[in-house]
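What follows is data_12.csv (CSV, C-alpha atoms and all ligand atoms).
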```
chain,number,residue,atom,x,y,z
O,1,MET,CA,20.8,23.8,-22.7
O,2,ALA,CA,19.3,21.0,-24.8
O,3,THR,CA,16.0,22.0,-26.2
O,4,ASP,CA,13.4,19.9,-28.0
O,5,GLU,CA,11.1,22.6,-29.2
O,6,THR,CA,9.1,21.6,-32.2
O,7,ALA,CA,7.1,24.7,-32.8
O,8,VAL,CA,8.6,28.1,-33.4
O,9,LEU,CA,7.0,31.4,-34.2
O,10,SER,CA,9.6,33.6,-35.9
O,11,VAL,CA,8.8,37.3,-35.6
O,12,ASP,CA,10.2,39.8,-38.1
O,13,LEU,CA,10.6,42.9,-36.0
O,14,ALA,CA,11.7,45.0,-39.0
O,15,ALA,CA,8.4,44.1,-40.7
O,16,ILE,CA,6.4,45.3,-37.7
O,17,VAL,CA,8.3,48.6,-37.7
O,18,ALA,CA,7.6,48.9,-41.4
O,19,ASN,CA,3.9,48.3,-40.7
O,20,TRP,CA,3.9,50.9,-38.0
O,21,GLN,CA,5.6,53.4,-40.3
O,22,ALA,CA,3.0,52.7,-43.0
O,23,LEU,CA,0.2,53.3,-40.5
O,24,CYS,CA,1.9,56.5,-39.4
O,25,ARG,CA,1.8,57.8,-42.9
O,26,ARG,CA,-2.0,57.1,-43.0
O,27,GLY,CA,-2.6,58.7,-39.6
O,28,ALA,CA,-0.5,61.8,-40.2
O,29,PRO,CA,-0.6,64.5,-38.9
O,30,GLY,CA,-2.0,62.4,-36.0
O,31,ALA,CA,0.3,59.9,-34.2
O,32,VAL,CA,-0.1,56.1,-34.2
O,33,ALA,CA,0.1,54.2,-30.9
O,34,ALA,CA,1.1,50.6,-30.7
O,35,VAL,CA,-1.4,48.3,-28.9
O,36,VAL,CA,0.7,45.6,-27.3
O,37,LYS,CA,-1.9,44.0,-25.1
O,38,ALA,CA,-2.0,40.2,-24.9
O,39,ASP,CA,1.8,40.0,-25.3
O,40,ALA,CA,1.6,42.0,-28.5
O,41,TYR,CA,-1.1,39.6,-29.8
O,42,GLY,CA,1.0,36.6,-28.9
O,43,LEU,CA,4.2,37.9,-30.7
O,44,GLY,CA,6.0,39.0,-27.5
O,45,ALA,CA,5.3,42.5,-26.1
O,46,ALA,CA,8.8,43.2,-24.7
O,47,ARG,CA,10.6,42.7,-28.0
O,48,VAL,CA,7.9,44.3,-30.1
O,49,ALA,CA,7.6,47.4,-27.8
O,50,ARG,CA,11.3,47.9,-27.6
O,51,GLN,CA,11.7,47.7,-31.4
O,52,LEU,CA,8.9,50.2,-32.0
O,53,TYR,CA,10.3,52.5,-29.3
O,54,ALA,CA,13.7,52.5,-31.0
O,55,ALA,CA,11.9,53.3,-34.3
O,56,GLY,CA,10.3,56.4,-32.6
O,57,CYS,CA,6.9,55.1,-31.4
O,58,ARG,CA,6.0,57.0,-28.2
O,59,HIS,CA,2.5,55.8,-27.4
O,60,PHE,CA,1.7,52.3,-26.1
O,61,PHE,CA,-1.4,50.6,-24.8
O,62,THR,CA,-1.9,47.4,-22.9
O,63,ALA,CA,-5.2,45.9,-21.6
O,64,HIS,CA,-4.0,45.2,-18.1
O,65,LEU,CA,-1.8,47.0,-15.6
O,66,SER,CA,0.1,43.7,-15.1
O,67,GLU,CA,1.0,43.9,-18.8
O,68,ALA,CA,2.2,47.5,-18.6
O,69,LEU,CA,4.4,47.1,-15.6
O,70,PRO,CA,7.2,45.0,-17.2
O,71,LEU,CA,7.2,47.2,-20.3
O,72,ARG,CA,7.7,50.5,-18.4
O,73,PRO,CA,11.5,50.1,-18.0
O,74,LEU,CA,11.8,49.3,-21.7
O,75,LEU,CA,10.0,52.5,-22.6
O,76,PRO,CA,11.8,55.3,-20.7
O,77,GLN,CA,9.9,58.1,-22.4
O,78,GLY,CA,6.4,58.3,-23.8
O,79,MET,CA,2.9,57.3,-22.9
O,80,LEU,CA,2.0,53.8,-21.6
O,81,ALA,CA,-1.7,53.5,-20.9
O,82,VAL,CA,-4.0,50.7,-19.7
O,83,LEU,CA,-7.2,50.2,-21.8
O,84,ASN,CA,-9.2,48.2,-19.4
O,85,GLY,CA,-9.2,51.0,-16.8
O,86,PRO,CA,-7.9,51.0,-13.2
O,87,LEU,CA,-9.2,48.6,-10.5
O,88,PRO,CA,-9.5,50.1,-7.0
O,89,GLY,CA,-6.3,49.6,-5.1
O,90,THR,CA,-4.0,49.8,-8.1
O,91,GLU,CA,-3.5,53.5,-7.9
O,92,PRO,CA,0.0,53.4,-6.3
O,93,ASP,CA,1.3,51.3,-9.2
O,94,TYR,CA,0.0,53.7,-11.8
O,95,LEU,CA,1.6,56.6,-10.1
O,96,ALA,CA,4.9,55.0,-9.2
O,97,HIS,CA,5.5,53.7,-12.8
O,98,HIS,CA,4.0,56.6,-14.8
O,99,ILE,CA,1.4,54.4,-16.3
O,100,LEU,CA,-1.8,56.2,-17.4
O,101,PRO,CA,-5.2,54.9,-16.7
O,102,VAL,CA,-8.0,55.0,-19.2
O,103,LEU,CA,-10.9,56.2,-17.1
O,104,GLY,CA,-14.3,54.9,-18.2
O,105,SER,CA,-16.7,55.6,-15.4
O,106,LEU,CA,-17.7,58.3,-13.0
O,107,ASP,CA,-16.5,56.0,-10.2
O,108,ALA,CA,-13.0,55.8,-11.7
O,109,ILE,CA,-13.0,59.6,-12.3
O,110,ASP,CA,-14.0,60.3,-8.7
O,111,ARG,CA,-11.3,58.0,-7.4
O,112,TRP,CA,-8.7,59.7,-9.6
O,113,THR,CA,-9.7,63.2,-8.7
O,114,ALA,CA,-9.5,62.3,-5.0
O,115,LEU,CA,-6.1,60.9,-5.7
O,116,ALA,CA,-5.0,64.1,-7.4
O,117,ARG,CA,-6.1,66.1,-4.4
O,118,ARG,CA,-4.2,63.8,-2.1
O,119,GLU,CA,-1.1,64.0,-4.3
O,120,GLY,CA,-1.5,67.8,-4.6
O,121,ARG,CA,-0.8,67.7,-8.3
O,122,PRO,CA,-2.6,67.2,-11.6
O,123,LEU,CA,-2.7,63.6,-12.7
O,124,PRO,CA,-2.5,62.7,-16.4
O,125,VAL,CA,-5.3,60.4,-17.6
O,126,LEU,CA,-7.2,59.3,-20.7
O,127,LEU,CA,-11.0,59.5,-20.7
O,128,HIS,CA,-12.9,56.7,-22.5
O,129,VAL,CA,-16.4,57.7,-23.8
O,130,ASP,CA,-18.7,55.0,-25.1
O,131,THR,CA,-20.1,55.8,-28.5
O,132,GLY,CA,-21.7,52.4,-29.2
O,133,MET,CA,-19.6,49.5,-28.1
O,134,HIS,CA,-21.3,49.3,-24.7
O,135,ARG,CA,-18.5,47.5,-23.0
O,136,LEU,CA,-16.4,50.2,-21.3
O,137,GLY,CA,-16.4,53.9,-21.2
O,138,LEU,CA,-18.6,56.7,-19.9
O,139,ASP,CA,-22.3,56.3,-20.9
O,140,ALA,CA,-24.7,59.1,-21.7
O,141,ALA,CA,-25.6,59.6,-18.1
O,142,GLY,CA,-22.0,59.8,-17.1
O,143,LEU,CA,-21.3,62.3,-19.8
O,144,ALA,CA,-24.2,64.4,-18.8
O,145,ALA,CA,-23.0,64.4,-15.2
O,146,LEU,CA,-19.6,65.7,-16.3
O,147,ALA,CA,-21.1,68.3,-18.6
O,148,ALA,CA,-23.3,69.6,-15.8
O,149,ASP,CA,-20.4,69.6,-13.3
O,150,PRO,CA,-17.0,70.2,-15.0
O,151,LEU,CA,-15.3,70.5,-11.6
O,152,ARG,CA,-15.8,66.8,-11.3
O,153,LEU,CA,-12.7,66.5,-13.5
O,154,ALA,CA,-10.7,68.9,-11.4
O,155,GLY,CA,-7.1,67.7,-10.9
O,156,LEU,CA,-7.1,65.5,-14.0
O,157,GLU,CA,-5.0,66.4,-17.0
O,158,LEU,CA,-6.9,64.9,-20.0
O,159,ARG,CA,-4.3,63.6,-22.3
O,160,TYR,CA,-6.8,62.0,-24.7
O,161,LEU,CA,-10.5,61.5,-25.1
O,162,VAL,CA,-10.8,58.0,-26.4
O,163,THR,CA,-13.5,55.9,-28.0
O,164,HIS,CA,-13.5,52.6,-29.9
O,165,LEU,CA,-15.1,51.6,-33.2
O,166,VAL,CA,-17.6,48.8,-33.4
O,167,ALA,CA,-17.2,47.8,-37.0
O,168,ALA,CA,-14.2,49.7,-38.4
O,169,GLU,CA,-13.3,46.8,-40.7
O,170,MET,CA,-16.6,47.3,-42.6
O,171,PRO,CA,-16.3,50.7,-44.3
O,172,ASP,CA,-20.0,50.6,-45.3
O,173,ASP,CA,-21.4,49.9,-41.9
O,174,PRO,CA,-23.4,53.0,-40.8
O,175,ALA,CA,-22.1,52.5,-37.2
O,176,ASN,CA,-18.9,54.2,-38.2
O,177,ALA,CA,-20.5,57.5,-39.1
O,178,ALA,CA,-22.8,57.3,-36.1
O,179,GLN,CA,-19.9,56.9,-33.8
O,180,LEU,CA,-18.1,59.8,-35.4
O,181,ALA,CA,-21.1,62.0,-34.7
O,182,ARG,CA,-21.5,60.7,-31.1
O,183,PHE,CA,-17.8,61.3,-30.4
O,184,ALA,CA,-18.0,64.8,-31.7
O,185,ALA,CA,-21.0,65.5,-29.4
O,186,ALA,CA,-19.3,63.9,-26.4
O,187,CYS,CA,-16.1,65.9,-27.0
O,188,ALA,CA,-18.1,69.1,-27.3
O,189,ALA,CA,-19.5,68.5,-23.8
O,190,LEU,CA,-16.1,67.8,-22.3
O,191,PRO,CA,-13.0,70.0,-21.8
O,192,GLN,CA,-10.8,70.3,-24.9
O,193,ALA,CA,-8.3,67.5,-25.2
O,194,PRO,CA,-6.6,65.6,-28.0
O,195,ARG,CA,-8.7,62.7,-29.4
O,196,SER,CA,-8.0,59.0,-30.0
O,197,PHE,CA,-10.5,57.2,-32.2
O,198,ALA,CA,-9.3,54.7,-34.8
O,199,ASN,CA,-8.0,51.2,-34.4
O,200,SER,CA,-6.1,49.6,-37.3
O,201,SER,CA,-9.0,49.3,-39.6
O,202,GLY,CA,-10.2,52.8,-38.6
O,203,LEU,CA,-7.0,54.2,-40.2
O,204,PHE,CA,-8.3,52.7,-43.5
O,205,LEU,CA,-11.6,54.6,-43.3
O,206,ASP,CA,-11.5,58.2,-44.5
O,207,ALA,CA,-9.2,60.8,-43.0
O,208,ARG,CA,-11.8,62.1,-40.5
O,209,PHE,CA,-11.3,58.9,-38.5
O,210,ALA,CA,-7.6,59.4,-37.7
O,211,PHE,CA,-7.8,62.3,-35.2
O,212,ASP,CA,-4.8,62.9,-33.0
O,213,LEU,CA,-3.9,59.4,-32.0
O,214,ALA,CA,-4.8,56.1,-33.6
O,215,ARG,CA,-4.4,52.8,-31.6
O,216,ALA,CA,-3.1,50.1,-33.9
O,217,GLY,CA,-2.7,46.5,-32.9
O,218,ALA,CA,-3.8,44.0,-35.6
O,219,ALA,CA,-2.2,45.7,-38.6
O,220,LEU,CA,1.2,45.9,-36.9
O,221,TYR,CA,1.1,42.2,-36.7
O,222,GLY,CA,0.1,41.5,-40.3
O,223,ILE,CA,-3.6,41.0,-39.8
O,224,ASN,CA,-5.4,42.5,-42.8
O,225,PRO,CA,-7.2,45.7,-41.7
O,226,THR,CA,-9.2,45.8,-44.9
O,227,PRO,CA,-10.9,42.4,-45.1
O,228,GLY,CA,-12.1,41.6,-48.6
O,229,HIS,CA,-9.2,43.6,-50.1
O,230,ALA,CA,-5.6,42.8,-50.6
O,231,ASN,CA,-3.7,43.0,-47.3
O,232,PRO,CA,-1.7,46.3,-47.3
O,233,MET,CA,0.4,45.1,-44.4
O,234,ARG,CA,3.5,42.9,-44.3
O,235,VAL,CA,3.0,39.6,-42.5
O,236,PRO,CA,5.8,39.5,-39.9
O,237,VAL,CA,5.1,36.0,-38.5
O,238,ARG,CA,6.1,32.5,-39.5
O,239,LEU,CA,4.9,29.5,-37.6
O,240,ASN,CA,7.2,26.5,-38.2
O,241,ALA,CA,6.7,23.0,-36.9
O,242,ARG,CA,9.2,20.2,-36.9
O,243,ILE,CA,8.8,16.7,-38.3
O,244,LEU,CA,9.2,14.1,-35.5
O,245,GLN,CA,8.7,10.9,-37.6
O,246,VAL,CA,8.0,9.9,-41.1
O,247,ARG,CA,6.2,6.6,-41.6
O,248,ASN,CA,4.9,4.5,-44.6
O,249,VAL,CA,1.3,3.6,-44.5
O,250,PRO,CA,-0.4,1.3,-47.0
O,251,ALA,CA,-3.3,2.3,-49.3
O,252,GLY,CA,-6.5,2.1,-47.3
O,253,ALA,CA,-4.9,2.9,-43.9
O,254,THR,CA,-6.3,5.8,-41.8
O,255,VAL,CA,-4.4,8.5,-40.0
O,256,GLY,CA,-5.2,10.0,-36.6
O,257,TYR,CA,-8.2,10.1,-34.2
O,258,ASN,CA,-11.5,8.8,-35.6
O,259,ALA,CA,-9.9,7.8,-38.9
O,260,THR,CA,-11.0,10.9,-40.7
O,261,TRP,CA,-8.4,10.5,-43.5
O,262,ARG,CA,-7.7,7.4,-45.4
O,263,ALA,CA,-4.7,6.9,-47.7
O,264,ALA,CA,-5.8,6.5,-51.3
O,265,ARG,CA,-2.3,5.2,-52.2
O,266,PRO,CA,0.7,3.9,-50.4
O,267,SER,CA,1.7,7.1,-48.5
O,268,ARG,CA,4.4,8.7,-46.4
O,269,ILE,CA,3.0,10.4,-43.4
O,270,ALA,CA,5.0,13.0,-41.5
O,271,THR,CA,4.0,13.8,-37.9
O,272,LEU,CA,4.6,17.4,-36.7
O,273,GLY,CA,5.2,18.4,-33.1
O,274,ILE,CA,2.4,20.9,-32.9
O,275,GLY,CA,-1.2,20.6,-31.9
O,276,TYR,CA,-4.2,22.3,-30.5
O,277,ALA,CA,-2.6,22.7,-27.1
O,278,ASP,CA,-0.2,25.1,-28.9
O,279,GLY,CA,-3.1,27.0,-30.5
O,280,TRP,CA,-2.9,25.1,-33.7
O,281,ARG,CA,-6.5,24.6,-33.6
O,282,ARG,CA,-8.4,21.3,-33.9
O,283,ALA,CA,-11.0,23.1,-36.1
O,284,LEU,CA,-8.3,23.2,-38.8
O,285,SER,CA,-8.6,19.4,-39.2
O,286,GLY,CA,-9.3,18.8,-42.9
O,287,ARG,CA,-9.8,22.5,-43.6
O,288,LEU,CA,-6.3,23.9,-43.9
O,289,PRO,CA,-4.9,22.8,-47.2
O,290,ALA,CA,-1.2,22.8,-46.7
O,291,ALA,CA,2.1,23.4,-45.1
O,292,TRP,CA,5.3,24.5,-46.9
O,293,PRO,CA,8.8,23.0,-46.5
O,294,ALA,CA,10.6,25.8,-44.7
O,295,ASP,CA,14.1,25.5,-46.1
O,296,PHE,CA,13.3,25.3,-49.8
O,297,ASP,CA,10.6,26.3,-52.2
O,298,GLY,CA,8.9,23.0,-52.4
O,299,ALA,CA,5.3,22.4,-53.4
O,300,PRO,CA,2.9,22.6,-50.5
O,301,VAL,CA,2.4,19.6,-48.3
O,302,PRO,CA,-1.2,18.5,-47.6
O,303,LEU,CA,-2.3,18.4,-43.9
O,304,VAL,CA,-4.3,15.2,-43.3
O,305,GLY,CA,-6.3,13.8,-40.5
O,306,ARG,CA,-7.3,15.3,-37.1
O,307,VAL,CA,-5.2,17.9,-35.4
O,308,SER,CA,-4.6,16.4,-32.0
O,309,MET,CA,-3.3,18.0,-28.7
O,310,ASP,CA,0.4,17.8,-29.5
O,311,LEU,CA,0.6,16.4,-33.0
O,312,THR,CA,-0.4,17.2,-36.6
O,313,THR,CA,0.0,14.9,-39.6
O,314,CYS,CA,0.7,15.6,-43.2
O,315,ASP,CA,1.2,13.7,-46.4
O,316,VAL,CA,4.7,13.9,-47.7
O,317,THR,CA,4.5,11.2,-50.3
O,318,ASP,CA,5.4,13.6,-53.0
O,319,HIS,CA,8.3,15.1,-50.9
O,320,PRO,CA,10.8,12.2,-50.6
O,321,ALA,CA,13.5,14.6,-49.3
O,322,LEU,CA,11.6,15.5,-46.2
O,323,GLY,CA,12.5,13.6,-43.0
O,324,PRO,CA,12.6,13.8,-39.3
O,325,GLY,CA,14.0,17.1,-38.0
O,326,ASP,CA,12.9,19.1,-41.1
O,327,TRP,CA,10.6,22.1,-40.5
O,328,LEU,CA,7.4,22.9,-42.3
O,329,GLU,CA,5.9,26.4,-42.4
O,330,LEU,CA,2.2,26.3,-41.3
O,331,MET,CA,1.5,30.0,-41.2
O,332,GLY,CA,3.4,32.9,-42.7
O,333,PRO,CA,3.4,35.1,-45.7
O,334,ARG,CA,2.2,32.2,-47.9
O,335,CYS,CA,-0.6,31.2,-45.5
O,336,PRO,CA,-1.2,34.4,-43.5
O,337,PRO,CA,-3.0,34.4,-40.1
O,338,ASP,CA,-6.2,35.6,-41.8
O,339,GLU,CA,-6.3,32.5,-44.0
O,340,VAL,CA,-5.7,30.2,-41.0
O,341,ALA,CA,-8.4,32.0,-39.1
O,342,GLU,CA,-10.9,31.6,-42.0
O,343,ALA,CA,-10.2,27.9,-42.1
O,344,ALA,CA,-10.7,27.6,-38.3
O,345,GLY,CA,-13.9,29.6,-38.4
O,346,THR,CA,-12.5,32.5,-36.3
O,347,ASN,CA,-10.5,35.7,-36.8
O,348,ALA,CA,-6.8,36.2,-37.0
O,349,TYR,CA,-6.7,38.0,-33.6
O,350,GLU,CA,-7.7,34.7,-32.0
O,351,ILE,CA,-5.2,32.7,-33.9
O,352,LEU,CA,-2.3,34.9,-33.0
O,353,THR,CA,-3.3,35.4,-29.3
O,354,GLY,CA,-4.0,31.7,-29.0
O,355,LEU,CA,-0.5,30.5,-29.8
O,356,GLY,CA,0.6,28.8,-26.6
O,357,PRO,CA,3.6,28.9,-24.4
O,358,ARG,CA,5.2,25.8,-26.0
O,359,VAL,CA,5.6,27.8,-29.2
O,360,VAL,CA,9.0,29.3,-29.0
O,361,ARG,CA,9.2,32.9,-30.1
O,362,THR,CA,12.3,33.9,-32.1
O,363,TYR,CA,13.1,37.3,-33.6
O,364,VAL,CA,14.7,38.6,-36.7
O,365,THR,CA,15.5,42.3,-37.1
J,1,LIG,C1,-7.5,46.1,-29.0
J,1,LIG,C2,-7.9,47.5,-29.1
J,1,LIG,C3,-7.3,48.3,-30.1
J,1,LIG,C4,-6.5,47.8,-31.2
J,1,LIG,O1,-7.4,47.3,-32.2
J,1,LIG,P1,-6.9,46.6,-33.6
J,1,LIG,O2,-8.1,46.3,-34.3
J,1,LIG,O3,-6.1,45.4,-33.2
J,1,LIG,O4,-6.0,47.6,-34.3
J,1,LIG,C5,-7.6,49.7,-30.1
J,1,LIG,N1,-8.4,50.2,-29.1
J,1,LIG,C6,-9.0,49.5,-28.1
J,1,LIG,C7,-9.8,50.1,-27.1
J,1,LIG,C8,-8.7,48.1,-28.1
J,1,LIG,O5,-9.3,47.4,-27.2
```

If you convert what's in this file into structure tokens, what do you get?
Amino acid sequence: MATDETAVLSVDLAAIVANWQALCRRGAPGAVAAVVKADAYGLGAARVARQLYAAGCRHFFTAHLSEALPLRPLLPQGMLAVLNGPLPGTEPDYLAHHILPVLGSLDAIDRWTALARREGRPLPVLLHVDTGMHRLGLDAAGLAALAADPLRLAGLELRYLVTHLVAAEMPDDPANAAQLARFAAACAALPQAPRSFANSSGLFLDARFAFDLARAGAALYGINPTPGHANPMRVPVRLNARILQVRNVPAGATVGYNATWRAARPSRIATLGIGYADGWRRALSGRLPAAWPADFDGAPVPLVGRVSMDLTTCDVTDHPALGPGDWLELMGPRCPPDEVAEAAGTNAYEILTGLGPRVVRTYVT
């Protein structure tokens, strides 16, 4: 098949496995689950989950049931759980595919205990208690109701008690210790079960935060779990874009919408086949310094002018060898997602999950 892709995200699966293993060393003796929601943060959930499974990972989380269903056949053993919780009517899919719900309300608990009665067997679940995020999870009233009436959990096999940190990437934020204390109190009021607390950054707080199961997403994919400090993770992504045309523009000419860049000298402008419709954000216009010739260790190439929907321009005057068909690296170990995010005024999660369907994902192992 003839293809004309001009933007490629190359994903190093071995680096993701190495990141998971490094996180496992931090989480030990607890386990580390792979959070593969949002298509593994845009990298490709099927490939990422399969590779981690082959490396020994046995706990996986998605946000939606629809994300978990296609992964189940790839993960013949092990836990696959849905963070957002089960919507009414989805019960048969959870049961048929051995996908675990994360129950976060009395209503969901009551539905699942009724289901366990109808099925005539205990049903495995995770129980989410809110310790400060105030989005999902049992609130104080729900916890009190369960503490007063433990039979309300009858028929449920509690695999993990779960909560989620509000500010794990900020070690000095008092919210971390407060959530630790609230989680301890909540767990004391509930039946004994293993505990799941830390996300990626939580694993870089002190050892009390690791508990029995951490849930790591960002750090697997090379996002720095310790902002302000050197990134301890490997960056497994490279975003390359292809040069469509190179043109000569005279001194004084402008490039792109609204003429935000003007050539100070006779210049060669290369036009890349990637734009904000691909998740290469318009906010990067004039803010991201450079791209790198992908095939050789050249000097960086300045990006110039506005990022438009399908195109991005750069100044290759000092790179006479570059021409149509050549690839430039826009994001990767030399310019990691965190740096792109900083330039775009957002976080690296949004940069990775925002890469669009026109960006072809390729894999190296
Ligand atoms: C997304 C998510 C995670 C993973 O967080 P990272 O910061 O990407 O490691 C863990 N737990 C919950 C509940 C989440 O929603």

Using all atoms listed in the file: which of O:Asn248, O:Thr271, O:Thr313, O:Asn84 has the shortest distance to ligand LIG 1 (chain J): O:Asn84

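Near ligand LIG 1 (chain J), the residues found within 6 Å are Val35, Leu83, His164, Asn199, Ser200, Arg215, Ala216, Gly217 and Ala218 of chain O (criterion computed using all atoms listed in the file).
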
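Here the question is which of O:Thr163, O:Ser105, O:Thr365, O:Thr113 gets nearest to O:Ala141 using only C-alpha atoms, and that residue is O:Ser105.
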
message: Let me make sure I understand: among O:Val8, O:Leu87, O:Ala188, O:Val102, which one has the smallest atom-to-atom distance to O:Thr62 if we use all atoms listed in the file?
response: O:Val102

field: Within 10 Å of stretch 106-111 of chain O using only C-alpha atoms, minus same-chain residues under 4 positions, as a PyMOL selection string
entry: chain O and resi 85-88+91+101-102+115-116+125+127+137-139+141-143+145-146+152-154+156

- request: Would you kindly identify which residues have an atom no farther than 9 Å from (-11.3, 54.7, -29.6), using only C-alpha atoms and the file's own coordinates, and write them out as a PyMOL selection string?
  value: chain O and resi 128-131+161-165+195-199+214-215

- prompt: From the set O:Arg25, O:His229, O:Arg238, O:Arg265, which residue has the shortest atom-to-atom contact distance to O:Cys335, counting only C-alpha atoms?
  reply: O:Arg238
